[in-house]
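The next block holds one structure in the form of structure tokens; read it before the comments.
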Amino acid sequence: MRKLRYILCLLLLIYGFDLQAQIAPISQSYREEKQEKIQSRWARLIPKQNKLQFAGSMGMFSGSVGWYYGKRNQWETDWYLGFIPKTQNQKGHMTTTLKQTYTPWRLTIKDGFFIEPLTTGIYINKIFGEYFWTKLPDRYPENYYFWAVDTRFNIFAGQAFTWQLNDSHRGKEFSFFYEISTNDLYLISAVGNKTITLRDIIGLSFGFRYRVF
């Protein structure tokens, strides 16, 4: 009976060591795979592109950091900081904008040169300053303004022209783009008002896009 116990204990020890030897590589592989996933998620947060834009209801000049993604890199998300310069009657103001762009397709004109015949999207813009507010100040009668002066919702459409950068040290791509845009307040004001023309409610902007990698 004792011999049987000794044999069973020996078998359990052998099996235990063998099982531990099999689990160790699996655990190591799992840890490495999990670490790679975490690193990949953090890497996605690193901005991949920069933009410099003139006009567009987000300031005279605005600069951004952003990301492009999707199966065909058809989506872009950019965060801008801009400024409205000082005038004789008004102080300068800072602006911030969150912009989402969709590019349905890209056409190759020749090696290293592309055109995006349609870029479209939306963006939300906010202006900072004492004359730009979200809540109606007490000095105005109730319902005097029905909109927030400091925030605008915009829609746009445009095109982009892209040159591929062959030197990896200089980045991936450089683009020129232009856009035609309008905002919620302009559209609401134009409804039923025949004195407001299309020229009064749309604006032209243009800029440059630099994709790092």
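Going by the structure tokens order, chains are called A, B, ..., each with residues numbered from 1, while ligands are numbered from 1 in the order shown.
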Would you tabulate, counting only C-alpha atoms, all residues of stretch 29-110 of chain A that have an atom at most 12 Å from an atom of stretch 182-200 of chain A, showing the closest pair of atoms and their distance in Å to one decimal, sorted by chain then ascending number, as JSON lines?
```
{"residue": "A:Ala55", "atom": "CA", "partner": "A:Thr182", "partner_atom": "CA", "distance": 11.7}
{"residue": "A:Gly56", "atom": "CA", "partner": "A:Thr182", "partner_atom": "CA", "distance": 8.4}
{"residue": "A:Ser57", "atom": "CA", "partner": "A:Thr182", "partner_atom": "CA", "distance": 8.3}
{"residue": "A:Met58", "atom": "CA", "partner": "A:Asn183", "partner_atom": "CA", "distance": 11.1}
```
Could you write those residues out with N, CA and C atoms, as an mmCIF file, in the first residue's frame?
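out08.cif, written as the output of this step:
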```cif
data_model
loop_
_atom_site.group_PDB
_atom_site.id
_atom_site.type_symbol
_atom_site.label_atom_id
_atom_site.label_comp_id
_atom_site.auth_asym_id
_atom_site.auth_seq_id
_atom_site.Cartn_x
_atom_site.Cartn_y
_atom_site.Cartn_z
ATOM 1 N N ALA A 55 -8.424 80.971 -42.490
ATOM 2 C CA ALA A 55 -9.871 81.231 -42.519
ATOM 3 C C ALA A 55 -10.659 79.961 -42.207
ATOM 4 N N GLY A 56 -11.950 79.966 -42.576
ATOM 5 C CA GLY A 56 -12.810 78.829 -42.279
ATOM 6 C C GLY A 56 -13.606 78.966 -41.003
ATOM 7 N N SER A 57 -13.819 80.211 -40.532
ATOM 8 C CA SER A 57 -14.588 80.469 -39.297
ATOM 9 C C SER A 57 -13.937 79.857 -38.067
ATOM 10 N N MET A 58 -12.602 79.681 -38.123
ATOM 11 C CA MET A 58 -11.882 79.169 -36.960
ATOM 12 C C MET A 58 -10.677 80.053 -36.622
#
```
* From the set A:Phe153, A:Phe208, A:Trp79, A:Tyr178, which residue has the shortest atom-to-atom contact distance to A:Gly66, counting only C-alpha atoms? ->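 Once distances to A:Gly66 are computed over only C-alpha atoms, the minimum belongs to A:Trp79.
All residues of protein, DNA or RNA that reach within 7 Å of A:Ile180, judged by only C-alpha atoms and not counting those fewer than 4 positions away in the chain, are A:Phe156, A:Ala157, A:Gly158, A:Ile202, A:Gly203, A:Leu204, A:Ser205.
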Based on the selection just made, write N, CA and C atoms of those residues as a short mmCIF file (atom, residue, chain, number, x, y, z; two decimals), in the first residue's frame.
```
data_model
loop_
_atom_site.label_atom_id
_atom_site.label_comp_id
_atom_site.auth_asym_id
_atom_site.auth_seq_id
_atom_site.Cartn_x
_atom_site.Cartn_y
_atom_site.Cartn_z
N PHE A 156 -18.60 71.43 -44.40
CA PHE A 156 -17.71 71.88 -45.46
C PHE A 156 -17.55 70.82 -46.54
N ALA A 157 -17.06 71.25 -47.70
CA ALA A 157 -16.69 70.35 -48.80
C ALA A 157 -15.51 70.99 -49.51
N GLY A 158 -14.62 70.15 -50.03
CA GLY A 158 -13.44 70.70 -50.70
C GLY A 158 -12.68 69.65 -51.48
N ILE A 202 -21.53 81.46 -47.28
CA ILE A 202 -20.44 80.50 -47.47
C ILE A 202 -19.10 81.23 -47.41
N GLY A 203 -18.08 80.49 -47.02
CA GLY A 203 -16.74 81.06 -46.93
C GLY A 203 -15.72 80.12 -47.54
N LEU A 204 -14.62 80.68 -47.98
CA LEU A 204 -13.52 79.92 -48.59
C LEU A 204 -12.34 79.88 -47.64
N SER A 205 -11.76 78.72 -47.50
CA SER A 205 -10.55 78.56 -46.69
C SER A 205 -9.58 77.64 -47.42
#
```
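Atom CA of A:Asn73 is positioned 13.9 Å from atom CA of A:Leu118.
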As an mmCIF file with N, CA and C atoms, in the first residue's frame, please: the residues near A:Ser64 (cut-off 12 Å, only C-alpha atoms, same-chain neighbours under 5 positions excluded).
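Contents of part-v4.cif, freshly written:
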```
data_model
loop_
_atom_site.group_PDB
_atom_site.id
_atom_site.type_symbol
_atom_site.label_atom_id
_atom_site.label_comp_id
_atom_site.auth_asym_id
_atom_site.auth_seq_id
_atom_site.Cartn_x
_atom_site.Cartn_y
_atom_site.Cartn_z
ATOM 1 N N PRO A 47 -0.163 61.658 -32.625
ATOM 2 C CA PRO A 47 -0.630 62.356 -33.843
ATOM 3 C C PRO A 47 0.195 61.960 -35.063
ATOM 4 N N LYS A 48 -0.505 61.803 -36.205
ATOM 5 C CA LYS A 48 0.144 61.376 -37.437
ATOM 6 C C LYS A 48 0.234 62.482 -38.479
ATOM 7 N N GLN A 49 -0.454 63.600 -38.235
ATOM 8 C CA GLN A 49 -0.448 64.664 -39.234
ATOM 9 C C GLN A 49 -0.616 66.025 -38.567
ATOM 10 N N ASN A 50 -0.212 67.052 -39.299
ATOM 11 C CA ASN A 50 -0.391 68.447 -38.875
ATOM 12 C C ASN A 50 -1.007 69.229 -40.018
ATOM 13 N N LYS A 51 -1.803 70.242 -39.648
ATOM 14 C CA LYS A 51 -2.424 71.101 -40.654
ATOM 15 C C LYS A 51 -2.248 72.568 -40.258
ATOM 16 N N LEU A 52 -2.129 73.396 -41.273
ATOM 17 C CA LEU A 52 -2.143 74.841 -41.110
ATOM 18 C C LEU A 52 -3.220 75.387 -42.027
ATOM 19 N N GLN A 53 -4.217 76.053 -41.456
ATOM 20 C CA GLN A 53 -5.380 76.502 -42.237
ATOM 21 C C GLN A 53 -5.578 78.001 -42.094
ATOM 22 N N PHE A 54 -5.948 78.626 -43.202
ATOM 23 C CA PHE A 54 -6.280 80.045 -43.233
ATOM 24 C C PHE A 54 -7.784 80.196 -43.397
ATOM 25 N N MET A 58 -12.602 79.681 -38.123
ATOM 26 C CA MET A 58 -11.882 79.169 -36.960
ATOM 27 C C MET A 58 -10.677 80.053 -36.622
ATOM 28 N N GLU A 76 -10.328 61.401 -41.045
ATOM 29 C CA GLU A 76 -9.355 62.262 -40.376
ATOM 30 C C GLU A 76 -10.035 62.956 -39.203
ATOM 31 N N THR A 77 -9.324 63.041 -38.094
ATOM 32 C CA THR A 77 -9.777 63.800 -36.934
ATOM 33 C C THR A 77 -8.665 64.770 -36.553
ATOM 34 N N ASP A 78 -8.994 66.051 -36.477
ATOM 35 C CA ASP A 78 -7.989 67.078 -36.196
ATOM 36 C C ASP A 78 -8.475 68.003 -35.088
ATOM 37 N N TRP A 79 -7.530 68.412 -34.257
ATOM 38 C CA TRP A 79 -7.802 69.379 -33.204
ATOM 39 C C TRP A 79 -6.964 70.623 -33.464
ATOM 40 N N TYR A 80 -7.641 71.769 -33.620
ATOM 41 C CA TYR A 80 -6.994 73.019 -33.998
ATOM 42 C C TYR A 80 -6.949 74.010 -32.837
ATOM 43 N N LEU A 81 -5.909 74.837 -32.868
ATOM 44 C CA LEU A 81 -5.851 76.054 -32.077
ATOM 45 C C LEU A 81 -5.597 77.204 -33.050
ATOM 46 N N GLY A 82 -6.388 78.265 -32.925
ATOM 47 C CA GLY A 82 -6.242 79.371 -33.854
ATOM 48 C C GLY A 82 -6.363 80.707 -33.147
ATOM 49 N N THR A 95 -9.074 80.581 -30.547
ATOM 50 C CA THR A 95 -10.147 79.673 -30.950
ATOM 51 C C THR A 95 -9.664 78.235 -30.826
ATOM 52 N N THR A 96 -10.596 77.339 -30.679
ATOM 53 C CA THR A 96 -10.292 75.912 -30.723
ATOM 54 C C THR A 96 -11.357 75.216 -31.556
ATOM 55 N N THR A 97 -10.938 74.208 -32.304
ATOM 56 C CA THR A 97 -11.835 73.545 -33.257
ATOM 57 C C THR A 97 -11.578 72.049 -33.264
ATOM 58 N N LEU A 98 -12.647 71.275 -33.269
ATOM 59 C CA LEU A 98 -12.569 69.827 -33.456
ATOM 60 C C LEU A 98 -13.204 69.500 -34.797
ATOM 61 N N LYS A 99 -12.432 68.883 -35.678
ATOM 62 C CA LYS A 99 -12.848 68.718 -37.069
ATOM 63 C C LYS A 99 -12.774 67.251 -37.494
ATOM 64 N N GLY A 207 -5.416 75.566 -46.960
ATOM 65 C CA GLY A 207 -4.347 75.248 -46.017
ATOM 66 C C GLY A 207 -3.441 74.139 -46.524
ATOM 67 N N PHE A 208 -2.588 73.678 -45.621
ATOM 68 C CA PHE A 208 -1.603 72.648 -45.956
ATOM 69 C C PHE A 208 -1.702 71.521 -44.927
ATOM 70 N N ARG A 209 -1.464 70.307 -45.397
ATOM 71 C CA ARG A 209 -1.486 69.122 -44.537
ATOM 72 C C ARG A 209 -0.152 68.379 -44.674
ATOM 73 N N TYR A 210 0.434 68.052 -43.566
ATOM 74 C CA TYR A 210 1.705 67.325 -43.556
ATOM 75 C C TYR A 210 1.528 66.047 -42.771
ATOM 76 N N ARG A 211 1.675 64.918 -43.433
ATOM 77 C CA ARG A 211 1.560 63.625 -42.767
ATOM 78 C C ARG A 211 2.963 63.112 -42.430
#
```
* Asked: Which of these, A:Gly129, A:Pro85, A:Gly92, A:Pro104, has the shortest distance to A:Gln159 once you count only C-alpha atoms?
  ->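 The shortest atom-to-atom distance to A:Gln159 comes from A:Pro104.
Counting from atom CA of A:Thr120, the distance to atom CA of A:Met60 is 20.8 Å.
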* **Between atom CA of A:Ile127 and atom CA of A:His93, distance in Å (one decimal)** => 6.8 Å
